[in-house]
>>> print(open('run-v6.pdb').read())   # PDB, C-alpha atoms
ATOM      1  CA  MET A   1    -151.993 -67.605 282.230
ATOM      2  CA  GLU A   2    -152.678 -67.418 278.505
ATOM      3  CA  SER A   3    -151.546 -70.378 276.395
ATOM      4  CA  ILE A   4    -150.030 -69.393 273.053
ATOM      5  CA  ILE A   5    -148.945 -71.724 270.266
ATOM      6  CA  VAL A   6    -145.358 -70.942 269.306
ATOM      7  CA  ASP A   7    -144.378 -71.411 265.663
ATOM      8  CA  ALA A   8    -141.211 -73.521 265.205
ATOM      9  CA  ASN A   9    -139.475 -70.553 263.534
ATOM     10  CA  LYS A  10    -139.838 -68.595 266.793
ATOM     11  CA  VAL A  11    -138.173 -71.417 268.721
ATOM     12  CA  PHE A  12    -135.357 -71.536 266.152
ATOM     13  CA  ALA A  13    -134.918 -67.758 266.456
ATOM     14  CA  ALA A  14    -134.792 -67.955 270.251
ATOM     15  CA  PHE A  15    -131.963 -70.491 270.024
ATOM     16  CA  ILE A  16    -130.026 -68.676 267.323
ATOM     17  CA  THR A  17    -129.884 -65.152 268.745
ATOM     18  CA  ASP A  18    -130.455 -63.514 272.059
ATOM     19  CA  GLY A  19    -133.026 -60.783 271.788
ATOM     20  CA  ILE A  20    -136.708 -60.051 271.952
ATOM     21  CA  VAL A  21    -137.918 -63.467 270.708
ATOM     22  CA  HIS A  22    -135.729 -65.270 273.244
ATOM     23  CA  ASP A  23    -136.798 -62.880 276.008
ATOM     24  CA  LEU A  24    -140.507 -63.271 275.180
ATOM     25  CA  LEU A  25    -140.320 -67.043 274.982
ATOM     26  CA  PHE A  26    -138.739 -67.266 278.432
ATOM     27  CA  SER A  27    -140.601 -64.307 279.984
ATOM     28  CA  GLY A  28    -143.077 -66.419 281.930
ATOM     29  CA  LYS A  29    -145.849 -64.058 280.750
ATOM     30  CA  PHE A  30    -147.601 -66.805 278.772
ATOM     31  CA  LYS A  31    -147.596 -70.596 278.578
ATOM     32  CA  PRO A  32    -145.884 -71.719 275.358
ATOM     33  CA  VAL A  33    -147.702 -74.635 273.766
ATOM     34  CA  GLY A  34    -147.466 -76.545 270.524
ATOM     35  CA  PRO A  35    -148.195 -79.722 268.633
ATOM     36  CA  GLU A  36    -145.839 -82.573 269.531
ATOM     37  CA  LYS A  37    -144.241 -82.204 266.093
ATOM     38  CA  LEU A  38    -142.812 -78.842 267.209
ATOM     39  CA  LEU A  39    -140.093 -80.368 269.393
ATOM     40  CA  GLU A  40    -139.521 -83.090 266.794
ATOM     41  CA  GLU A  41    -138.888 -80.346 264.237
ATOM     42  CA  VAL A  42    -136.523 -78.479 266.561
ATOM     43  CA  LYS A  43    -134.589 -81.685 267.281
ATOM     44  CA  LYS A  44    -134.461 -82.522 263.568
ATOM     45  CA  HIS A  45    -132.839 -79.134 262.840
ATOM     46  CA  LYS A  46    -130.529 -78.963 265.863
ATOM     47  CA  VAL A  47    -127.367 -79.198 263.725
ATOM     48  CA  ASP A  48    -128.515 -76.264 261.559
ATOM     49  CA  ILE A  49    -129.470 -74.301 264.672
ATOM     50  CA  ALA A  50    -126.047 -74.928 266.229
ATOM     51  CA  GLU A  51    -124.286 -73.778 263.030
ATOM     52  CA  LYS A  52    -126.375 -70.608 262.692
ATOM     53  CA  ALA A  53    -126.044 -69.830 266.397
ATOM     54  CA  ARG A  54    -122.300 -70.579 266.250
ATOM     55  CA  LYS A  55    -122.723 -72.826 269.274
ATOM     56  CA  LYS A  56    -121.723 -76.382 270.047
ATOM     57  CA  LEU A  57    -124.284 -79.050 269.232
ATOM     58  CA  GLU A  58    -124.165 -80.201 272.882
ATOM     59  CA  ASP A  59    -125.192 -76.688 273.985
ATOM     60  CA  ILE A  60    -128.197 -76.733 271.648
ATOM     61  CA  GLU A  61    -129.164 -80.217 272.844
ATOM     62  CA  LEU A  62    -128.999 -78.991 276.451
ATOM     63  CA  ALA A  63    -131.085 -75.914 275.581
ATOM     64  CA  ILE A  64    -133.722 -78.170 273.983
ATOM     65  CA  LYS A  65    -133.821 -80.333 277.128
ATOM     66  CA  LEU A  66    -134.267 -77.202 279.270
ATOM     67  CA  LEU A  67    -137.009 -75.907 276.972
ATOM     68  CA  GLU A  68    -139.090 -79.104 276.946
ATOM     69  CA  PRO A  69    -140.592 -78.717 280.448
ATOM     70  CA  GLU A  70    -141.497 -75.083 279.674
ATOM     71  CA  PHE A  71    -143.728 -76.143 276.770
ATOM     72  CA  LYS A  72    -147.047 -77.955 276.925
ATOM     73  CA  MET A  73    -147.022 -80.317 273.965
ATOM     74  CA  PHE A  74    -150.278 -81.718 272.628
ATOM     75  CA  SER A  75    -150.416 -85.109 270.957
ATOM     76  CA  ARG A  76    -151.952 -85.256 267.498
ATOM     77  CA  GLN A  77    -154.917 -87.268 268.776
ATOM     78  CA  GLU A  78    -155.944 -84.308 270.959
ATOM     79  CA  TYR A  79    -156.757 -82.195 267.884
ATOM     80  CA  THR A  80    -157.238 -84.789 265.111
ATOM     81  CA  GLY A  81    -160.864 -83.751 264.678
ATOM     82  CA  LYS A  82    -159.763 -80.239 263.670
ATOM     83  CA  LEU A  83    -157.178 -81.334 261.054
ATOM     84  CA  PRO A  84    -159.580 -81.010 258.071
ATOM     85  CA  GLU A  85    -160.474 -77.431 259.070
ATOM     86  CA  GLY A  86    -156.811 -76.681 259.856
ATOM     87  CA  LEU A  87    -155.917 -77.850 256.347
ATOM     88  CA  LYS A  88    -158.263 -75.242 254.874
ATOM     89  CA  LEU A  89    -156.733 -72.417 256.957
ATOM     90  CA  ALA A  90    -153.028 -73.286 256.927
ATOM     91  CA  PRO A  91    -150.991 -71.570 254.211
ATOM     92  CA  HIS A  92    -148.639 -74.581 253.970
ATOM     93  CA  PRO A  93    -149.205 -78.285 254.694
ATOM     94  CA  LYS A  94    -146.473 -78.175 257.368
ATOM     95  CA  ASP A  95    -148.574 -75.666 259.343
ATOM     96  CA  VAL A  96    -151.819 -77.672 259.477
ATOM     97  CA  GLU A  97    -151.181 -79.022 262.981
ATOM     98  CA  TYR A  98    -150.639 -75.522 264.400
ATOM     99  CA  PHE A  99    -154.002 -74.390 263.036
ATOM    100  CA  ALA A 100    -155.807 -77.580 264.112
ATOM    101  CA  LEU A 101    -154.461 -77.152 267.645
ATOM    102  CA  ALA A 102    -155.470 -73.484 267.658
ATOM    103  CA  LEU A 103    -158.990 -74.370 266.525
ATOM    104  CA  ARG A 104    -159.378 -77.222 269.024
ATOM    105  CA  PHE A 105    -158.417 -75.184 272.109
ATOM    106  CA  ASP A 106    -159.003 -71.609 270.900
ATOM    107  CA  PHE A 107    -155.316 -70.729 271.331
ATOM    108  CA  PRO A 108    -153.665 -67.904 269.389
ATOM    109  CA  ILE A 109    -150.525 -68.596 267.335
ATOM    110  CA  TRP A 110    -147.306 -66.573 267.612
ATOM    111  CA  SER A 111    -145.763 -66.332 264.154
ATOM    112  CA  ASN A 112    -144.439 -63.572 261.928
ATOM    113  CA  GLU A 113    -145.472 -65.479 258.816
ATOM    114  CA  LYS A 114    -147.769 -63.037 257.012
ATOM    115  CA  ALA A 115    -149.685 -65.855 255.304
ATOM    116  CA  PHE A 116    -150.933 -67.001 258.744
ATOM    117  CA  LYS A 117    -153.011 -63.821 258.985
ATOM    118  CA  LYS A 118    -154.820 -64.407 255.676
ATOM    119  CA  GLN A 119    -157.667 -66.090 257.547
ATOM    120  CA  SER A 120    -159.974 -64.845 260.295
ATOM    121  CA  LYS A 121    -160.716 -67.939 262.398
ATOM    122  CA  VAL A 122    -157.469 -68.126 264.381
ATOM    123  CA  LYS A 123    -155.849 -65.188 266.176
ATOM    124  CA  VAL A 124    -152.238 -64.783 265.030
ATOM    125  CA  PHE A 125    -149.771 -62.590 266.899
ATOM    126  CA  SER A 126    -146.695 -61.168 265.239
ATOM    127  CA  THR A 127    -143.893 -60.468 267.694
ATOM    128  CA  SER A 128    -144.940 -56.814 267.997
ATOM    129  CA  ASP A 129    -148.603 -57.864 268.447
ATOM    130  CA  LEU A 130    -147.566 -60.235 271.214
ATOM    131  CA  ILE A 131    -145.543 -57.557 273.006
ATOM    132  CA  SER A 132    -148.570 -55.228 272.900
ATOM    133  CA  PHE A 133    -150.919 -58.002 274.048
ATOM    134  CA  LEU A 134    -148.721 -59.007 277.003
ATOM    135  CA  SER A 135    -148.124 -55.450 278.156
ATOM    136  CA  GLY A 136    -151.761 -54.410 277.772
TER     137      GLY A 136
END
>>> encode(input="run-v6.pdb", output="structure tokens")
Amino acid sequence: MESIIVDANKVFAAFITDGIVHDLLFSGKFKPVGPEKLLEEVKKHKVDIAEKARKKLEDIELAIKLLEPEFKMFSRQEYTGKLPEGLKLAPHPKDVEYFALALRFDFPIWSNEKAFKKQSKVKVFSTSDLISFLSG
């Protein structure tokens, strides 16, 4: 099964609204992976997620707990050697770890951020790209 790095914004979207992002994330058609900071970021924003989703904070906390075993999280030390190259490719400093992880293990990234595609070393799937890839 293909491992795909999931951008934090995709995880936020899956929590906030039911729909294609949620369905893809929990489809079982790929293994969602990410840097360990991904879950830290989700946990840090759980109050905002609950407000936007119009759900109780406890429900979001439970959803995060249920999501954790579905994801393979990589510690920073597993891709530290690729951080300098990731820094050159990432459009924003907060995205460096996603690119370093992608470079280290040759994983694609799922993100709709257009700036992610302004490089040619890492494969980046938009949601529509990912749907096509998984159904192809």
>>> resolve_selection(input="run-v6.pdb", expression="the PyMOL selection byres ((chain A and resi 99) around 10)", output="ChimeraX atom specification")
/A:5,35,79,82-91,95-98,100-104,106-109,116,121-124
>>> write_last_selection(input="run-v6.pdb", atoms="C-alpha atoms", output="tab-separated table (two decimals), in the frame of the given file")
chain	number	residue	atom	x	y	z
A	5	ILE	CA	-148.94	-71.72	270.27
A	35	PRO	CA	-148.20	-79.72	268.63
A	79	TYR	CA	-156.76	-82.20	267.88
A	82	LYS	CA	-159.76	-80.24	263.67
A	83	LEU	CA	-157.18	-81.33	261.05
A	84	PRO	CA	-159.58	-81.01	258.07
A	85	GLU	CA	-160.47	-77.43	259.07
A	86	GLY	CA	-156.81	-76.68	259.86
A	87	LEU	CA	-155.92	-77.85	256.35
A	88	LYS	CA	-158.26	-75.24	254.87
A	89	LEU	CA	-156.73	-72.42	256.96
A	90	ALA	CA	-153.03	-73.29	256.93
A	91	PRO	CA	-150.99	-71.57	254.21
A	95	ASP	CA	-148.57	-75.67	259.34
A	96	VAL	CA	-151.82	-77.67	259.48
A	97	GLU	CA	-151.18	-79.02	262.98
A	98	TYR	CA	-150.64	-75.52	264.40
A	100	ALA	CA	-155.81	-77.58	264.11
A	101	LEU	CA	-154.46	-77.15	267.64
A	102	ALA	CA	-155.47	-73.48	267.66
A	103	LEU	CA	-158.99	-74.37	266.52
A	104	ARG	CA	-159.38	-77.22	269.02
A	106	ASP	CA	-159.00	-71.61	270.90
A	107	PHE	CA	-155.32	-70.73	271.33
A	108	PRO	CA	-153.66	-67.90	269.39
A	109	ILE	CA	-150.52	-68.60	267.33
A	116	PHE	CA	-150.93	-67.00	258.74
A	121	LYS	CA	-160.72	-67.94	262.40
A	122	VAL	CA	-157.47	-68.13	264.38
A	123	LYS	CA	-155.85	-65.19	266.18
A	124	VAL	CA	-152.24	-64.78	265.03
>>> atom_distance(input="run-v6.pdb", atom1="atom CA of A:Ile131", atom2="atom CA of A:Ala13")
16.1 Å
>>> resolve_selection(input="run-v6.pdb", expression="the PyMOL selection byres ((chain A and resi 26) around 12)", output="PyMOL selection string")
chain A and resi 6+10-11+14-15+18-25+27-32+63+66-71
>>> closest_residue(input="run-v6.pdb", among="A:Thr80, A:Leu62, A:Trp110, A:Ser75", to="A:Ala8", atoms="only C-alpha atoms")
A:Trp110
>>> closest_residue(input="run-v6.pdb", among="A:Glu78, A:Val42, A:Thr127, A:Leu134", to="A:Phe105", atoms="only C-alpha atoms")
A:Glu78
>>> atom_distance(input="run-v6.pdb", atom1="atom CA of A:Lys118", atom2="atom CA of A:His45")
27.4 Å
>>> axis_aligned_box(input="run-v6.pdb", around="stretch 53-67 of chain A", padding_each_side="6 Å", output="JSON")
{"center_x": -129.4, "center_y": -75.1, "center_z": 272.8, "size_x": 27.3, "size_y": 22.5, "size_z": 25.0}
>>> atom_distance(input="run-v6.pdb", atom1="atom CA of A:Leu39", atom2="atom CA of A:Glu2")
20.2 Å
>>> resolve_selection(input="run-v6.pdb", expression="the PyMOL selection byres ((chain A and resi 47) around 12)", output="MDAnalysis selection string")
chainID A and resid 12 15:16 41:46 48:61
>>> write_last_selection(input="run-v6.pdb", atoms="C-alpha atoms", output="tab-separated table (two decimals), in the frame of the given file")
chain	number	residue	atom	x	y	z
A	12	PHE	CA	-135.36	-71.54	266.15
A	15	PHE	CA	-131.96	-70.49	270.02
A	16	ILE	CA	-130.03	-68.68	267.32
A	41	GLU	CA	-138.89	-80.35	264.24
A	42	VAL	CA	-136.52	-78.48	266.56
A	43	LYS	CA	-134.59	-81.68	267.28
A	44	LYS	CA	-134.46	-82.52	263.57
A	45	HIS	CA	-132.84	-79.13	262.84
A	46	LYS	CA	-130.53	-78.96	265.86
A	48	ASP	CA	-128.51	-76.26	261.56
A	49	ILE	CA	-129.47	-74.30	264.67
A	50	ALA	CA	-126.05	-74.93	266.23
A	51	GLU	CA	-124.29	-73.78	263.03
A	52	LYS	CA	-126.38	-70.61	262.69
A	53	ALA	CA	-126.04	-69.83	266.40
A	54	ARG	CA	-122.30	-70.58	266.25
A	55	LYS	CA	-122.72	-72.83	269.27
A	56	LYS	CA	-121.72	-76.38	270.05
A	57	LEU	CA	-124.28	-79.05	269.23
A	58	GLU	CA	-124.16	-80.20	272.88
A	59	ASP	CA	-125.19	-76.69	273.98
A	60	ILE	CA	-128.20	-76.73	271.65
A	61	GLU	CA	-129.16	-80.22	272.84
>>> closest_residue(input="run-v6.pdb", among="A:Gly34, A:Lys94, A:Ser111, A:Met1", to="A:Leu130", atoms="all atoms listed in the file")
A:Ser111
>>> closest_residue(input="run-v6.pdb", among="A:Gly81, A:Arg76, A:Ser126, A:Ser120", to="A:Asn9", atoms="only C-alpha atoms")
A:Ser126
